[in-house]
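Accompanying notes for the structure given below.
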Amino acid sequence: METEFDRTFGMRVVKFVTSFIGGVRDAVKYDVDIMIDGHWAFSVPTALAIARELAKYDVFWFEDPVPPENIDAMREVRLKSPVPIATGEKLYRLSQFRELIEEGGYGHYTP
């Protein structure tokens, strides 16, 4: 069941959310990089399902698909995602960035 607390959505929602990206890619071809912001809205399984769909459209990055303060969830998504993961916009303290940088592997930091 989809609830605001669960953050896990079924494939119907995943396909709906990502269906718009194909139209964007068709319109801009490969002259423009496409960057998608997840707004911290998804669970790990949903974020990975969306990332797999986004990979079909050669997106530049998928930003903050899961809440960034959950370092374990961000790590899992980063390690398993077929597209680069960007993060950092919701982090405010130097210690948060230090932990994220020490974790390593993020191609894009967005402070």
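Labels used: A, B, ... for chains in the order of the structure tokens, numbers from 1 for residues in each chain, and numbers from 1 for ligands as shown.
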Give me, as a PDB file with N, CA and C atoms, in the first residue's frame, all polymer residues having an atom no more than 10 Å from Lys56 in chain A, counting only C-alpha atoms and skipping those fewer than 2 positions away in the same chain.
```pdb
ATOM      1  N   THR A  18       8.342   8.057 -14.500  1.00  0.00           N
ATOM      2  CA  THR A  18       9.441   8.067 -15.472  1.00  0.00           C
ATOM      3  C   THR A  18       8.949   8.212 -16.912  1.00  0.00           C
ATOM      4  N   ILE A  21      10.019  11.359 -18.826  1.00  0.00           N
ATOM      5  CA  ILE A  21      11.424  11.537 -19.185  1.00  0.00           C
ATOM      6  C   ILE A  21      11.679  11.144 -20.638  1.00  0.00           C
ATOM      7  N   GLY A  22      10.999  10.128 -21.114  1.00  0.00           N
ATOM      8  CA  GLY A  22      11.146   9.729 -22.512  1.00  0.00           C
ATOM      9  C   GLY A  22      10.766  10.855 -23.457  1.00  0.00           C
ATOM     10  N   ARG A  25      13.558  13.460 -23.335  1.00  0.00           N
ATOM     11  CA  ARG A  25      14.729  13.013 -24.095  1.00  0.00           C
ATOM     12  C   ARG A  25      14.465  13.122 -25.595  1.00  0.00           C
ATOM     13  N   ALA A  51      15.543   4.481 -10.819  1.00  0.00           N
ATOM     14  CA  ALA A  51      16.876   4.627 -11.425  1.00  0.00           C
ATOM     15  C   ALA A  51      17.038   3.694 -12.625  1.00  0.00           C
ATOM     16  N   ARG A  52      16.527   2.484 -12.508  1.00  0.00           N
ATOM     17  CA  ARG A  52      16.618   1.549 -13.647  1.00  0.00           C
ATOM     18  C   ARG A  52      15.841   2.078 -14.847  1.00  0.00           C
ATOM     19  N   GLU A  53      14.702   2.682 -14.601  1.00  0.00           N
ATOM     20  CA  GLU A  53      13.928   3.277 -15.700  1.00  0.00           C
ATOM     21  C   GLU A  53      14.647   4.503 -16.266  1.00  0.00           C
ATOM     22  N   LEU A  54      15.212   5.328 -15.393  1.00  0.00           N
ATOM     23  CA  LEU A  54      15.916   6.536 -15.843  1.00  0.00           C
ATOM     24  C   LEU A  54      17.135   6.197 -16.691  1.00  0.00           C
ATOM     25  N   ASP A  58      19.413   7.858 -20.338  1.00  0.00           N
ATOM     26  CA  ASP A  58      20.741   8.437 -20.180  1.00  0.00           C
ATOM     27  C   ASP A  58      20.707   9.754 -19.400  1.00  0.00           C
ATOM     28  N   VAL A  59      20.092   9.705 -18.204  1.00  0.00           N
ATOM     29  CA  VAL A  59      20.051  10.919 -17.385  1.00  0.00           C
ATOM     30  C   VAL A  59      21.426  11.183 -16.773  1.00  0.00           C
ATOM     31  N   PRO A  82      22.030   2.311 -11.542  1.00  0.00           N
ATOM     32  CA  PRO A  82      22.701   2.359 -12.843  1.00  0.00           C
ATOM     33  C   PRO A  82      22.962   3.790 -13.329  1.00  0.00           C
ATOM     34  N   VAL A  83      22.443   4.785 -12.610  1.00  0.00           N
ATOM     35  CA  VAL A  83      22.702   6.187 -12.958  1.00  0.00           C
ATOM     36  C   VAL A  83      23.397   6.867 -11.784  1.00  0.00           C
TER      37      VAL A  83
END
```
Practice task
Quick one: everything within 7 Å of Phe42 in chain A, counting only C-alpha atoms, minus sequence neighbours fewer than 2 positions away in the same chain. Send it as a PyMOL selection string.
Solution key: chain A and resi 7-8+40+44+46-47+65-66
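Contact shell of Glu102 in chain A at 12 Å (only C-alpha atoms; same-chain neighbours under 6 positions omitted): Ile71, Arg75, Leu94, Ser95 and Gln96 of chain A.
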Writing out the chosen residues with C-alpha atoms as a PDB file, in the first residue's frame:
```
ATOM      1  CA  ILE A  71      23.508   7.534   4.970  1.00  0.00           C
ATOM      2  CA  ARG A  75      24.894   4.240   0.191  1.00  0.00           C
ATOM      3  CA  LEU A  94      30.344  20.472   7.801  1.00  0.00           C
ATOM      4  CA  SER A  95      30.199  17.177   9.704  1.00  0.00           C
ATOM      5  CA  GLN A  96      27.396  15.954   7.434  1.00  0.00           C
TER       6      GLN A  96
END
```
Practice task
Please give the complete set of residues from chain A that DSSP, run on the backbone, assigns to alpha helix (DSSP H), formatted as a count of residues only.
Solution key: 50
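Across A:Leu91, A:Ile50, A:Met35, A:Ala41, the tightest approach to Val17 in chain A is made by A:Ile50 when counting only C-alpha atoms.
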Problem - Minimum-distance residue to Val14 in chain A, chosen among A:Phe62, A:Asp72, A:Leu48, A:Glu89 (using only C-alpha atoms) - result: A:Leu48
Exercise for the section: Between A:Met74, A:Gly10, A:Tyr57, A:Gly88, single out the one closest to Gly23 in chain A, counting only C-alpha atoms. Expected result: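 Distance minimum relative to Gly23 in chain A lands on A:Tyr57.
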Would you kindly return, as an mmCIF file with C-alpha atoms, in the first residue's frame, each protein, DNA or RNA residue with an atom no farther than 8 Å from any atom of Glu63 in chain A, considering only C-alpha atoms and excluding same-chain residues fewer than 4 positions away?
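Produced file out.cif, reproduced below:
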```
data_model
loop_
_atom_site.group_PDB
_atom_site.id
_atom_site.type_symbol
_atom_site.label_atom_id
_atom_site.label_comp_id
_atom_site.auth_asym_id
_atom_site.auth_seq_id
_atom_site.Cartn_x
_atom_site.Cartn_y
_atom_site.Cartn_z
ATOM 1 C CA MET A 35 18.919 15.809 -14.206
ATOM 2 C CA ILE A 36 16.143 14.400 -12.040
ATOM 3 C CA ASP A 37 15.457 15.460 -8.446
ATOM 4 C CA GLY A 38 13.806 12.831 -6.252
ATOM 5 C CA HIS A 39 13.013 15.344 -3.477
ATOM 6 C CA ILE A 85 23.391 9.799 -7.658
ATOM 7 C CA ALA A 86 23.725 13.428 -6.569
ATOM 8 C CA THR A 87 23.189 14.607 -3.018
#
```
Practice task
Just the residues within 8 Å of Pro84 in chain A, please, counting only C-alpha atoms, with nothing from its chain fewer than 2 positions along; format it as a ChimeraX atom specification.
Solution key: /A:60-62,78,81-82,86,106-108
